[in-house]
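Let me begin by presenting the structure, written as structure tokens, before commenting on it.
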Amino acid sequence: MCGSISILTTLGIIYVLFSEGINFFSQISIIEFFTDTAWRPFGDPENDAFRIGVAPLVVGTLLVTVIALSVAVPLGLATAIYLSEYASKRIKRKVKPVLEILAGIPTVVLGYFALTLVTPFIRNIFPGDTIDIFNALSAGLVVGIMIIPTVASISEDSLSAVPQSLRNASYSLGLPKSSTVLRVVFPAALSGIISSILLAMGRAIGETMIVAIAAGNLPSMTLNPGSQVQTMTGYIVQAVGGEASRGSLTYNSIFAVGIILFLMTFILNIIANYFTKRFREVYE
Amino acid sequence: MTETYREINLSSNHRTTEDTMPQVQETVFSLQSVGIKYGDFSAVSNVNMEIYKNQVTAFIGPSGCGKSTLLRTFNRMNDLVLNSKVVGEVAYQGKNIYDQDVDPVEVRRRIGMVFQQPNPFPKSIYDNIAFGPRNHGVKEGIDDIVENSLRNAALWDEVKNKLKSPALSLSGGQQQRLCIARSIAVEPDVILMDEPASALDPIATLKIEHLMRELAAKYTIVVVTHNMQQALRVSDKTAFFNLEVDEEKDTRTGVLVEYGPTTKLFTDPKNEKTSDYIKGKFG
């Protein structure tokens, strides 16, 4: 019953996305959409300034995601390895709820945390105008903090699921604990760890409030973390926020961007699922 | 199958002649008043015994008598269990391995262990064997180490054409011999075996037993078994452990009841408990 509701919802989302998306692609060629390098979807479509290449939004999204992952993967994995292999049961009982609280902070709060604390801090470190007030770095760092629990929790589960007998085998060959963790436990849990990173990546790509607040809303084709960018989700927020009238090309473009977003996260989830399954096959 | 039996018999005969010859036995382990505690619970108390070089020593006794626990003190695997504490002295080649200045990691490199359930790494056959040497810094001659270890574990002929296949695709008995080969690859002095054949079928069990006899030429082997016939077939010395229950204090602990040459212990046990156990009256 509950399962069928979620399946129906998913099908409904896919239907709306694609039916509205078809409207969009009947007016704009797919090739132009993917190859044009400027995104200025507001105003009169007949005007020369009107450009509808999605690349800057994708680049902005990926830039924020890469920054987020470079925070979340090392910290998340370190947390997972510590909790699974080194922490006593008592510490584990205390730290795990803290992680869950971190996962439960509303992202709008994290967004303002990025804008009012992280951004000034970064701008202090890099003097001058190298860092815009709205920038990908600040948003990416905080998105990274947001997805640490995803990486840590799922990785910790898969590290803990590695049978003790494998650790014993390594110890009995005369390997110290550090090598046992790195060369035996970590590789044995690798598929679970990869799937945790892919799921976290999906969350980073789909994250909306933090980037809408802290990354700005200027679509730019740049890999400079200090500059203002717009992500796909950030654009959708901006467009839904009243700047597009229903039925217009701008309005339809929301769904075209939505399709890309949906496909990216969907594919990531499928790959993550594949890795999780592979892990199960090895040890059950 | 018949051939395997004959091989076992041959090696048994060979052993008998060896036993009757007077020989100086070199001590590898010497245990003085060894006890193991988990918190307040005393799993094993006051064990005094010696383990001799190039012999197979079997530990037998009913479940819960602490024989596996004692085995794990020989390479400090007990360290990995929370709240465990070893008292007394476990001297390996004259040095107490529980001294402050002894590195348990080095102890485990020289004293290998094979476990009850085969536990190959989820890697290829080749990588399982190469794992130990590689991590100990061996760079060259890994191929030879792999081949020799597999030959010594009587597995080479079965796997030589599929070294890159996953170890987990082997049968249970082959996996256990792979684990033995993996131990051999780091060139230990002693191999501890904790009920190595209890998860295997009779034919695979015989192969492991035969292998133990062959390995005794090079290594010192201590094997825990719940199978008395196995102890009789493979071991030179047998130690019988039992559970000592103190009704008044409501405590129970494992103790060493009798220890001596296997043939003697099974044909002419000194202790009544040993006699009852080997006749199958309890356990």
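By order in the structure tokens, chains are A, B, ...; within a chain, residues start at 1; ligands start at 1, following the order shown.
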In range 179-208 of chain B, DSSP alpha helix (DSSP H) residues written as a ChimeraX atom specification: /B:179-184,202-208
Restricted to N, CA and C atoms, what would the selected residues look like written as a compact mmCIF listing (two decimals), in the first residue's frame?
# COMPACT_ATOMS: atom_id res chain seq x y z
N CYS B 179 43.38 -20.82 3.39
CA CYS B 179 43.69 -20.06 4.60
C CYS B 179 44.99 -20.58 5.23
N ILE B 180 45.18 -21.89 5.17
CA ILE B 180 46.43 -22.45 5.68
C ILE B 180 47.61 -21.95 4.83
N ALA B 181 47.42 -21.97 3.50
CA ALA B 181 48.47 -21.46 2.60
C ALA B 181 48.76 -19.99 2.88
N ARG B 182 47.71 -19.23 3.16
CA ARG B 182 47.88 -17.81 3.45
C ARG B 182 48.71 -17.61 4.72
N SER B 183 48.49 -18.48 5.72
CA SER B 183 49.32 -18.41 6.94
C SER B 183 50.76 -18.74 6.64
N ILE B 184 50.95 -19.82 5.85
CA ILE B 184 52.31 -20.27 5.55
C ILE B 184 53.09 -19.18 4.83
N PRO B 202 33.54 -34.89 5.63
CA PRO B 202 34.58 -35.86 6.04
C PRO B 202 35.77 -35.92 5.10
N ILE B 203 35.54 -35.84 3.78
CA ILE B 203 36.68 -35.96 2.85
C ILE B 203 37.60 -34.75 2.98
N ALA B 204 36.99 -33.55 3.03
CA ALA B 204 37.78 -32.33 3.19
C ALA B 204 38.52 -32.37 4.53
N THR B 205 37.85 -32.94 5.55
CA THR B 205 38.47 -33.06 6.87
C THR B 205 39.73 -33.91 6.80
N LEU B 206 39.62 -35.06 6.10
CA LEU B 206 40.79 -35.94 5.98
C LEU B 206 41.94 -35.23 5.30
N LYS B 207 41.61 -34.44 4.26
CA LYS B 207 42.68 -33.72 3.56
C LYS B 207 43.39 -32.76 4.50
N ILE B 208 42.61 -32.06 5.32
CA ILE B 208 43.20 -31.11 6.26
C ILE B 208 44.08 -31.85 7.28
Selection near Asn78 in chain B, 12 Å with only C-alpha atoms, sequence-local residues under 3 positions removed, as a VMD selection string: (chain A and resid 168 171 to 172) or (chain B and resid 35 to 38 43 68 to 75 81 to 86 98 104 108)
Write out as a PDB file with all heavy atoms, in the first residue's frame each polymer residue whose atoms come within 10 Å of Asn46 in chain B, counting only C-alpha atoms; drop sequence neighbours fewer than 4 positions from it.
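And here is the file that came out, around-v3.pdb:
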ATOM      1  N   LEU B  31      54.148 -22.612  29.264  1.00  0.00           N
ATOM      2  CA  LEU B  31      53.112 -21.880  29.986  1.00  0.00           C
ATOM      3  C   LEU B  31      53.246 -22.078  31.476  1.00  0.00           C
ATOM      4  O   LEU B  31      53.376 -23.210  31.947  1.00  0.00           O
ATOM      5  CB  LEU B  31      51.717 -22.352  29.543  1.00  0.00           C
ATOM      6  CG  LEU B  31      51.140 -21.708  28.277  1.00  0.00           C
ATOM      7  CD1 LEU B  31      51.999 -22.000  27.075  1.00  0.00           C
ATOM      8  CD2 LEU B  31      49.720 -22.179  28.045  1.00  0.00           C
ATOM      9  N   GLN B  32      53.265 -20.973  32.194  1.00  0.00           N
ATOM     10  CA  GLN B  32      53.371 -21.029  33.657  1.00  0.00           C
ATOM     11  C   GLN B  32      52.139 -20.379  34.289  1.00  0.00           C
ATOM     12  O   GLN B  32      51.929 -19.186  34.124  1.00  0.00           O
ATOM     13  CB  GLN B  32      54.608 -20.248  34.125  1.00  0.00           C
ATOM     14  CG  GLN B  32      55.933 -20.755  33.585  1.00  0.00           C
ATOM     15  CD  GLN B  32      56.451 -21.916  34.387  1.00  0.00           C
ATOM     16  OE1 GLN B  32      56.324 -21.926  35.612  1.00  0.00           O
ATOM     17  NE2 GLN B  32      57.008 -22.908  33.730  1.00  0.00           N
ATOM     18  N   SER B  33      51.365 -21.165  34.988  1.00  0.00           N
ATOM     19  CA  SER B  33      50.170 -20.674  35.722  1.00  0.00           C
ATOM     20  C   SER B  33      49.332 -19.715  34.891  1.00  0.00           C
ATOM     21  O   SER B  33      48.960 -18.645  35.336  1.00  0.00           O
ATOM     22  CB  SER B  33      50.571 -19.942  36.996  1.00  0.00           C
ATOM     23  OG  SER B  33      51.628 -20.573  37.618  1.00  0.00           O
ATOM     24  N   VAL B  34      49.050 -20.110  33.662  1.00  0.00           N
ATOM     25  CA  VAL B  34      48.314 -19.209  32.775  1.00  0.00           C
ATOM     26  C   VAL B  34      46.816 -19.265  33.074  1.00  0.00           C
ATOM     27  O   VAL B  34      46.239 -20.338  33.233  1.00  0.00           O
ATOM     28  CB  VAL B  34      48.568 -19.560  31.291  1.00  0.00           C
ATOM     29  CG1 VAL B  34      47.635 -18.774  30.377  1.00  0.00           C
ATOM     30  CG2 VAL B  34      50.010 -19.290  30.944  1.00  0.00           C
ATOM     31  N   GLY B  35      46.231 -18.088  33.197  1.00  0.00           N
ATOM     32  CA  GLY B  35      44.781 -17.986  33.373  1.00  0.00           C
ATOM     33  C   GLY B  35      44.254 -16.884  32.488  1.00  0.00           C
ATOM     34  O   GLY B  35      44.972 -15.957  32.139  1.00  0.00           O
ATOM     35  N   ILE B  36      42.996 -16.995  32.080  1.00  0.00           N
ATOM     36  CA  ILE B  36      42.384 -15.957  31.244  1.00  0.00           C
ATOM     37  C   ILE B  36      41.076 -15.530  31.874  1.00  0.00           C
ATOM     38  O   ILE B  36      40.234 -16.362  32.225  1.00  0.00           O
ATOM     39  CB  ILE B  36      42.130 -16.467  29.812  1.00  0.00           C
ATOM     40  CG1 ILE B  36      43.445 -16.934  29.182  1.00  0.00           C
ATOM     41  CG2 ILE B  36      41.509 -15.379  28.961  1.00  0.00           C
ATOM     42  CD1 ILE B  36      43.338 -18.251  28.505  1.00  0.00           C
ATOM     43  N   VAL B  87      46.734 -13.825  32.838  1.00  0.00           N
ATOM     44  CA  VAL B  87      47.683 -13.836  33.952  1.00  0.00           C
ATOM     45  C   VAL B  87      48.653 -14.996  33.743  1.00  0.00           C
ATOM     46  O   VAL B  87      48.405 -15.895  32.940  1.00  0.00           O
ATOM     47  CB  VAL B  87      46.972 -13.970  35.324  1.00  0.00           C
ATOM     48  CG1 VAL B  87      46.098 -12.756  35.586  1.00  0.00           C
ATOM     49  CG2 VAL B  87      46.144 -15.240  35.383  1.00  0.00           C
ATOM     50  N   GLY B  88      49.743 -14.972  34.477  1.00  0.00           N
ATOM     51  CA  GLY B  88      50.750 -16.009  34.314  1.00  0.00           C
ATOM     52  C   GLY B  88      51.693 -15.669  33.174  1.00  0.00           C
ATOM     53  O   GLY B  88      51.720 -14.528  32.704  1.00  0.00           O
ATOM     54  N   THR B 253      35.349 -22.815  35.682  1.00  0.00           N
ATOM     55  CA  THR B 253      36.545 -22.390  34.954  1.00  0.00           C
ATOM     56  C   THR B 253      37.166 -23.584  34.227  1.00  0.00           C
ATOM     57  O   THR B 253      36.982 -24.728  34.644  1.00  0.00           O
ATOM     58  CB  THR B 253      37.567 -21.745  35.917  1.00  0.00           C
ATOM     59  OG1 THR B 253      38.683 -21.292  35.163  1.00  0.00           O
ATOM     60  CG2 THR B 253      38.043 -22.742  36.958  1.00  0.00           C
ATOM     61  N   GLY B 254      37.857 -23.324  33.124  1.00  0.00           N
ATOM     62  CA  GLY B 254      38.507 -24.392  32.390  1.00  0.00           C
ATOM     63  C   GLY B 254      39.857 -24.739  33.008  1.00  0.00           C
ATOM     64  O   GLY B 254      40.605 -23.843  33.398  1.00  0.00           O
ATOM     65  N   VAL B 255      40.140 -26.025  33.113  1.00  0.00           N
ATOM     66  CA  VAL B 255      41.434 -26.436  33.657  1.00  0.00           C
ATOM     67  C   VAL B 255      42.048 -27.513  32.769  1.00  0.00           C
ATOM     68  O   VAL B 255      41.340 -28.243  32.078  1.00  0.00           O
ATOM     69  CB  VAL B 255      41.311 -27.004  35.092  1.00  0.00           C
ATOM     70  CG1 VAL B 255      40.970 -25.913  36.084  1.00  0.00           C
ATOM     71  CG2 VAL B 255      40.283 -28.113  35.140  1.00  0.00           C
ATOM     72  N   LEU B 256      43.362 -27.597  32.817  1.00  0.00           N
ATOM     73  CA  LEU B 256      44.066 -28.671  32.105  1.00  0.00           C
ATOM     74  C   LEU B 256      44.067 -29.897  33.000  1.00  0.00           C
ATOM     75  O   LEU B 256      44.610 -29.871  34.105  1.00  0.00           O
ATOM     76  CB  LEU B 256      45.500 -28.233  31.798  1.00  0.00           C
ATOM     77  CG  LEU B 256      46.417 -29.273  31.160  1.00  0.00           C
ATOM     78  CD1 LEU B 256      45.883 -29.761  29.829  1.00  0.00           C
ATOM     79  CD2 LEU B 256      47.825 -28.715  30.989  1.00  0.00           C
TER      80      LEU B 256
END
Residue list (strand (DSSP E or B), DSSP) for range 36-223 of chain B, as number ranges by chain: B: 36-38, 41-52, 56-60, 84-92, 95-96, 111-114, 124, 166, 190-194, 220-223
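Each of A:Tyr112, A:Tyr86, A:Phe255, A:Trp39 was compared to chain B using only C-alpha atoms, and A:Tyr86 turns out to be the nearest.
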Residue with smallest distance to chain B - pool A:Pro41, A:Gly234, A:Pro163, A:Gly53, counting only C-alpha atoms: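 Ranked by minimum distance to chain B, first place goes to A:Pro163.
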Shell of 7 Å around Gly144 in chain A, only C-alpha atoms, local chain residues under 5 positions omitted, as an MDAnalysis selection string: chainID A and resid 68:69 71:72
Check: which chain B residues lie within 10 Å of chain A using only C-alpha atoms, as a ChimeraX atom specification: /B:75-77,80,82,103-123,131-133,135-136,168,179,182-188,191-192
Residues from the last selection, N, CA and C atoms, saved as a tab-separated table (two decimals), in the first residue's frame:
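Result file again-v3.tsv:
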chain	number	residue	atom	x	y	z
B	75	ASN	N	48.91	-16.39	20.40
B	75	ASN	CA	49.33	-15.32	19.48
B	75	ASN	C	48.65	-14.00	19.83
B	76	ARG	N	48.22	-13.89	21.05
B	76	ARG	CA	47.62	-12.66	21.57
B	76	ARG	C	46.40	-12.22	20.79
B	77	MET	N	45.67	-13.15	20.24
B	77	MET	CA	44.40	-12.78	19.60
B	77	MET	C	43.38	-12.39	20.67
B	80	LEU	N	42.22	-8.77	21.38
B	80	LEU	CA	41.19	-8.09	20.60
B	80	LEU	C	39.82	-8.21	21.24
B	82	LEU	N	37.35	-7.46	24.23
B	82	LEU	CA	37.22	-6.45	25.29
B	82	LEU	C	37.30	-7.10	26.67
B	103	ASP	N	55.66	-6.60	21.02
B	103	ASP	CA	54.66	-6.07	20.10
B	103	ASP	C	53.74	-7.21	19.65
B	104	PRO	N	52.46	-7.15	20.02
B	104	PRO	CA	51.55	-8.26	19.65
B	104	PRO	C	51.49	-8.49	18.15
B	105	VAL	N	51.70	-7.43	17.36
B	105	VAL	CA	51.64	-7.57	15.91
B	105	VAL	C	52.77	-8.49	15.42
B	106	GLU	N	53.96	-8.32	16.00
B	106	GLU	CA	55.10	-9.16	15.62
B	106	GLU	C	54.87	-10.61	16.09
B	107	VAL	N	54.26	-10.74	17.27
B	107	VAL	CA	53.94	-12.09	17.76
B	107	VAL	C	53.05	-12.81	16.75
B	108	ARG	N	52.04	-12.10	16.25
B	108	ARG	CA	51.09	-12.73	15.33
B	108	ARG	C	51.71	-13.03	13.97
B	109	ARG	N	52.75	-12.29	13.62
B	109	ARG	CA	53.39	-12.60	12.36
B	109	ARG	C	54.12	-13.93	12.44
B	110	ARG	N	54.67	-14.21	13.63
B	110	ARG	CA	55.44	-15.45	13.77
B	110	ARG	C	54.59	-16.63	14.19
B	111	ILE	N	53.41	-16.33	14.72
B	111	ILE	CA	52.52	-17.40	15.15
B	111	ILE	C	51.20	-17.23	14.43
B	112	GLY	N	51.04	-17.99	13.35
B	112	GLY	CA	49.86	-17.83	12.50
B	112	GLY	C	48.66	-18.55	13.08
B	113	MET	N	47.50	-18.28	12.47
B	113	MET	CA	46.29	-18.89	12.99
B	113	MET	C	45.33	-19.24	11.86
B	114	VAL	N	44.70	-20.39	11.99
B	114	VAL	CA	43.66	-20.81	11.06
B	114	VAL	C	42.39	-20.98	11.89
B	115	PHE	N	41.29	-20.46	11.37
B	115	PHE	CA	40.08	-20.38	12.19
B	115	PHE	C	39.08	-21.48	11.84
B	116	GLN	N	38.05	-21.52	12.69
B	116	GLN	CA	37.02	-22.55	12.54
B	116	GLN	C	36.31	-22.45	11.19
B	117	GLN	N	35.84	-21.25	10.88
B	117	GLN	CA	35.22	-21.03	9.58
B	117	GLN	C	36.29	-20.53	8.62
B	118	PRO	N	36.39	-21.12	7.43
B	118	PRO	CA	37.34	-20.58	6.46
B	118	PRO	C	37.03	-19.09	6.24
B	119	ASN	N	38.07	-18.26	6.29
B	119	ASN	CA	37.81	-16.82	6.15
B	119	ASN	C	38.71	-16.17	5.11
B	120	PRO	N	38.65	-16.66	3.86
B	120	PRO	CA	39.45	-16.00	2.83
B	120	PRO	C	38.97	-14.57	2.62
B	121	PHE	N	39.90	-13.71	2.20
B	121	PHE	CA	39.50	-12.34	1.86
B	121	PHE	C	38.70	-12.37	0.56
B	122	PRO	N	37.79	-11.44	0.38
B	122	PRO	CA	37.05	-11.40	-0.88
B	122	PRO	C	37.92	-10.88	-2.02
B	123	LYS	N	39.03	-11.55	-2.26
B	123	LYS	CA	39.96	-11.20	-3.32
B	123	LYS	C	40.24	-12.47	-4.11
B	131	PHE	N	48.77	-11.41	0.00
B	131	PHE	CA	48.40	-10.31	0.90
B	131	PHE	C	49.39	-10.14	2.06
B	132	GLY	N	49.68	-11.22	2.76
B	132	GLY	CA	50.57	-11.13	3.92
B	132	GLY	C	51.96	-10.64	3.54
B	133	PRO	N	52.64	-11.37	2.63
B	133	PRO	CA	53.99	-10.94	2.23
B	133	PRO	C	54.02	-9.50	1.72
B	135	ASN	N	52.15	-7.00	2.44
B	135	ASN	CA	52.01	-6.04	3.53
B	135	ASN	C	53.19	-6.05	4.49
B	136	HIS	N	54.02	-7.10	4.38
B	136	HIS	CA	55.24	-7.09	5.18
B	136	HIS	C	56.41	-6.57	4.37
B	168	LEU	N	36.45	-16.94	-2.90
B	168	LEU	CA	35.16	-17.38	-2.37
B	168	LEU	C	34.45	-18.35	-3.32
B	179	CYS	N	43.38	-20.82	3.39
B	179	CYS	CA	43.69	-20.06	4.60
B	179	CYS	C	44.99	-20.58	5.23
B	182	ARG	N	47.71	-19.23	3.16
B	182	ARG	CA	47.88	-17.81	3.45
B	182	ARG	C	48.71	-17.61	4.72
B	183	SER	N	48.49	-18.48	5.72
B	183	SER	CA	49.32	-18.41	6.94
B	183	SER	C	50.76	-18.74	6.64
B	184	ILE	N	50.95	-19.82	5.85
B	184	ILE	CA	52.31	-20.27	5.55
B	184	ILE	C	53.09	-19.18	4.83
B	185	ALA	N	52.38	-18.39	3.99
B	185	ALA	CA	53.05	-17.40	3.14
B	185	ALA	C	53.82	-16.36	3.92
B	186	VAL	N	53.46	-16.12	5.19
B	186	VAL	CA	54.23	-15.14	5.97
B	186	VAL	C	55.30	-15.82	6.81
B	187	GLU	N	55.56	-17.11	6.51
B	187	GLU	CA	56.63	-17.88	7.15
B	187	GLU	C	56.58	-17.83	8.67
B	188	PRO	N	55.51	-18.34	9.24
B	188	PRO	CA	55.44	-18.36	10.71
B	188	PRO	C	56.26	-19.53	11.26
B	191	ILE	N	51.77	-22.67	13.74
B	191	ILE	CA	50.43	-22.45	13.20
B	191	ILE	C	49.41	-22.95	14.22
B	192	LEU	N	48.55	-22.04	14.66
B	192	LEU	CA	47.49	-22.41	15.58
B	192	LEU	C	46.24	-22.70	14.75
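Proximity of B:Phe29, B:Tyr259, B:Phe240, B:Tyr92 to Asn227 in chain B, computed with only C-alpha atoms, is greatest for B:Phe240.
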Neighbour list for Phe126 in chain A as a ChimeraX atom specification, cut-off 12 Å, only C-alpha atoms, skip fewer than 6 positions in-chain: /A:119-120,132,137,226
Atomic separation - CA of Phe266 in chain B relative to CA of Asp236 in chain B, Å: 11.4 Å
Pairwise distance for CA of Ile22 in chain A and CA of Ile254 in chain A, rounded to one decimal in Å: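 Straight-line distance from CA of Ile22 in chain A to CA of Ile254 in chain A works out to 11.9 Å.
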Contacts of Thr233 in chain A within 10 Å, only C-alpha atoms, excl. fewer than 3 positions in-chain, as number ranges by chain: A: 57-58, 61, 205-209, 211-212, 230, 236-239, 254, 257-258, 261
